[in-house]
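Chemist: Structure in structure tokens, see below.
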Amino acid sequence: MIPLDRYPKDITLRDGTHAVLRPMIPGDAECLWNFLRRLPEIDKSHFHEDVDRLETVEGWAKSLDYESALPILAFRGDRVVGTVTLHRNRTGWKQRVGVVRILIAPDHRHLGIGTAMIREMRHLGEKAALNYLLAEVIEEQQSAVRALERMGFEKAAVYRNFVNDRGGHLHNLVVLLHPMSGLEKEMYF
Amino acid sequence: MNCPICGWEHFPAGGGRRTISAKGEACPYRGTAYTGLRAGHDQIYFGRWRRMDATSIDLRRACHQMERLLREIAGVLETEDLPAARSDLGKAAEALRAAGQGEEGPEALRYLDHALSYAHRVIGDLLHEKGLPPHSPGDFAGWYDAAEVPFREDW
């Protein structure tokens, strides 16, 4: 179990204002839905479900399981302005790989929220004794790719015309990996 | 390492308490968290070793400054539960070793730049733990008479 006593966590943004980071709780369904439905379509491409429906987000809120998906929300007052989720497998060959998905409200970009959230994921990934953090980003989202690279993620692959958005258009997918400190201890032949 | 602005030894083990330079300028790092680490980082970041006319002496000086900065960072990290930052500090030390303590050539410059980037990330983690924004050398560029700043916060 990852210790979560560091939350709620206050952060200062580049404009001097503040936001609060904390894990999602069941009562956050509506404010998360309001955040998701306002995102550009391309940001929602990776979701399997229709996140424009409140019922979808309510379903997530009722079945939160931090061991398999730990969503950290960024709040400005009562408004969700960003989310980052650490997805893990309890068993299987990828149990040491945490998948990171970050979303930032368009009117709150370039303020340092994404970078702060990546820092949280690096910390939580170390605490979870993961070997890697993995992020998948559509290639057009260059700000996200650069922020991830500045925080230690490295491009592992670019899959051309690999994913489609909700309009059916194909995009290149960039896969980035962040090796964690536990990796060297575990490597063996 | 004396602050180039006020001459103040910003690291905790340091000396003078002056916060005004001989020119009458107030030290821009005064009152900021992790003063010594930030000033130490920027002294390297804006150092002569990056310039086209840099000499091997400039590079050696930068390596010594980096060595000291990493030592100071290690001291601060002793009391913090930040495994990611510790890992980055290790990578910074590795990069500095690869820079070869003043060996000339583009490889040495590249490794020193890597070491500085890792150090910057650790400082960022320390500030983040206190709820503060990351350190941006660009905010202090005017004090170093720097022509340009290589990067800015993007996301």
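Going by the structure tokens order, chains are called A, B, ..., each with residues numbered from 1, while ligands are numbered from 1 in the order shown.
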Run DSSP on the backbone and tell me which residues of chain A come out as strand (DSSP E or B); list them as a PyMOL selection string.

Modeler: chain A and resi 9-12+18-23+69-76+79-87+97-104+132-138+154-164+170-179

Chemist: Give me a file of those residues, with C-alpha atoms, as a PDB file, in the first residue's frame.

Modeler:
```
ATOM      1  CA  LYS A   9      -0.650  18.734  -0.687  1.00  0.00           C
ATOM      2  CA  ASP A  10      -0.526  22.449  -1.408  1.00  0.00           C
ATOM      3  CA  ILE A  11       1.487  23.559  -4.447  1.00  0.00           C
ATOM      4  CA  THR A  12       2.379  27.024  -5.692  1.00  0.00           C
ATOM      5  CA  HIS A  18      -2.092  27.875  -5.264  1.00  0.00           C
ATOM      6  CA  ALA A  19      -3.598  24.504  -6.022  1.00  0.00           C
ATOM      7  CA  VAL A  20      -4.180  21.449  -3.841  1.00  0.00           C
ATOM      8  CA  LEU A  21      -3.340  17.891  -4.819  1.00  0.00           C
ATOM      9  CA  ARG A  22      -5.134  14.948  -3.241  1.00  0.00           C
ATOM     10  CA  PRO A  23      -6.399  11.469  -4.097  1.00  0.00           C
ATOM     11  CA  ALA A  69      -5.657   3.030 -10.138  1.00  0.00           C
ATOM     12  CA  LEU A  70      -4.651   5.946  -7.928  1.00  0.00           C
ATOM     13  CA  PRO A  71      -6.079   9.222  -9.280  1.00  0.00           C
ATOM     14  CA  ILE A  72      -4.576  12.406  -7.860  1.00  0.00           C
ATOM     15  CA  LEU A  73      -6.681  15.490  -8.526  1.00  0.00           C
ATOM     16  CA  ALA A  74      -5.510  19.113  -8.619  1.00  0.00           C
ATOM     17  CA  PHE A  75      -8.038  21.570  -7.189  1.00  0.00           C
ATOM     18  CA  ARG A  76      -8.283  25.339  -7.436  1.00  0.00           C
ATOM     19  CA  ARG A  79     -12.731  23.116  -9.339  1.00  0.00           C
ATOM     20  CA  VAL A  80     -10.664  20.214 -10.672  1.00  0.00           C
ATOM     21  CA  VAL A  81      -7.986  21.651 -12.982  1.00  0.00           C
ATOM     22  CA  GLY A  82      -5.842  18.565 -13.483  1.00  0.00           C
ATOM     23  CA  THR A  83      -5.629  14.860 -12.854  1.00  0.00           C
ATOM     24  CA  VAL A  84      -2.868  12.300 -12.876  1.00  0.00           C
ATOM     25  CA  THR A  85      -3.525   8.592 -12.405  1.00  0.00           C
ATOM     26  CA  LEU A  86      -1.081   5.837 -11.581  1.00  0.00           C
ATOM     27  CA  HIS A  87      -2.311   2.532 -12.997  1.00  0.00           C
ATOM     28  CA  VAL A  97       5.384  -0.989 -14.414  1.00  0.00           C
ATOM     29  CA  GLY A  98       3.147   1.921 -13.467  1.00  0.00           C
ATOM     30  CA  VAL A  99       1.251   3.638 -16.273  1.00  0.00           C
ATOM     31  CA  VAL A 100       0.843   7.370 -15.814  1.00  0.00           C
ATOM     32  CA  ARG A 101      -1.919   9.420 -17.436  1.00  0.00           C
ATOM     33  CA  ILE A 102      -2.013  13.180 -16.992  1.00  0.00           C
ATOM     34  CA  LEU A 103      -4.699  15.637 -18.002  1.00  0.00           C
ATOM     35  CA  ILE A 104      -4.597  19.413 -17.468  1.00  0.00           C
ATOM     36  CA  TYR A 132       9.330   1.881 -14.442  1.00  0.00           C
ATOM     37  CA  LEU A 133       6.795   4.584 -14.951  1.00  0.00           C
ATOM     38  CA  LEU A 134       5.327   4.524 -18.457  1.00  0.00           C
ATOM     39  CA  ALA A 135       3.524   7.379 -20.182  1.00  0.00           C
ATOM     40  CA  GLU A 136       1.773   7.293 -23.560  1.00  0.00           C
ATOM     41  CA  VAL A 137       1.241  10.617 -25.284  1.00  0.00           C
ATOM     42  CA  ILE A 138      -0.108  11.574 -28.677  1.00  0.00           C
ATOM     43  CA  GLU A 154      12.896   8.986 -22.013  1.00  0.00           C
ATOM     44  CA  LYS A 155      11.314   8.261 -25.375  1.00  0.00           C
ATOM     45  CA  ALA A 156      11.235   4.502 -25.782  1.00  0.00           C
ATOM     46  CA  ALA A 157       9.220   4.258 -28.986  1.00  0.00           C
ATOM     47  CA  VAL A 158       7.072   6.161 -31.436  1.00  0.00           C
ATOM     48  CA  TYR A 159       4.315   4.104 -33.016  1.00  0.00           C
ATOM     49  CA  ARG A 160       3.195   5.719 -36.252  1.00  0.00           C
ATOM     50  CA  ASN A 161      -0.529   6.046 -37.077  1.00  0.00           C
ATOM     51  CA  PHE A 162      -1.159   3.852 -34.069  1.00  0.00           C
ATOM     52  CA  VAL A 163      -4.081   5.362 -32.135  1.00  0.00           C
ATOM     53  CA  ASN A 164      -7.268   7.018 -33.253  1.00  0.00           C
ATOM     54  CA  LEU A 170      -4.981   8.431 -36.623  1.00  0.00           C
ATOM     55  CA  HIS A 171      -2.135   9.795 -34.546  1.00  0.00           C
ATOM     56  CA  ASN A 172       1.404   8.803 -33.685  1.00  0.00           C
ATOM     57  CA  LEU A 173       1.799   7.501 -30.147  1.00  0.00           C
ATOM     58  CA  VAL A 174       4.931   8.335 -28.152  1.00  0.00           C
ATOM     59  CA  VAL A 175       5.816   5.914 -25.357  1.00  0.00           C
ATOM     60  CA  LEU A 176       8.085   7.292 -22.635  1.00  0.00           C
ATOM     61  CA  LEU A 177       9.679   5.387 -19.776  1.00  0.00           C
ATOM     62  CA  HIS A 178      11.086   6.573 -16.463  1.00  0.00           C
ATOM     63  CA  PRO A 179      13.357   4.000 -14.802  1.00  0.00           C
TER      64      PRO A 179
END
```

Chemist: Could you list, as a PyMOL selection string, the residues of chain B having an atom within 10 Å of chain A when counting only C-alpha atoms?

Modeler: chain B and resi 81-88+90+117-118+121+124-125+127-134+136+151-155

Chemist: Which neighbours of segment 48-63 of chain A fall inside 12 Å, counting only C-alpha atoms, when residues of the same chain fewer than 6 positions from it are skipped, and could you give them as a list in words?

Modeler: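 Non-adjacent residues within range: Pro23, Met24, Ile25, Pro26, Gly27, Asp28, Ala29, Glu30, Cys31, Leu32, Trp33, Asn34, Phe35, Leu36, Arg37, Arg38, Leu39, Pro40, Glu41, Ala69, Leu70, Pro71, Asn164, Asp165 and Arg166 of chain A.
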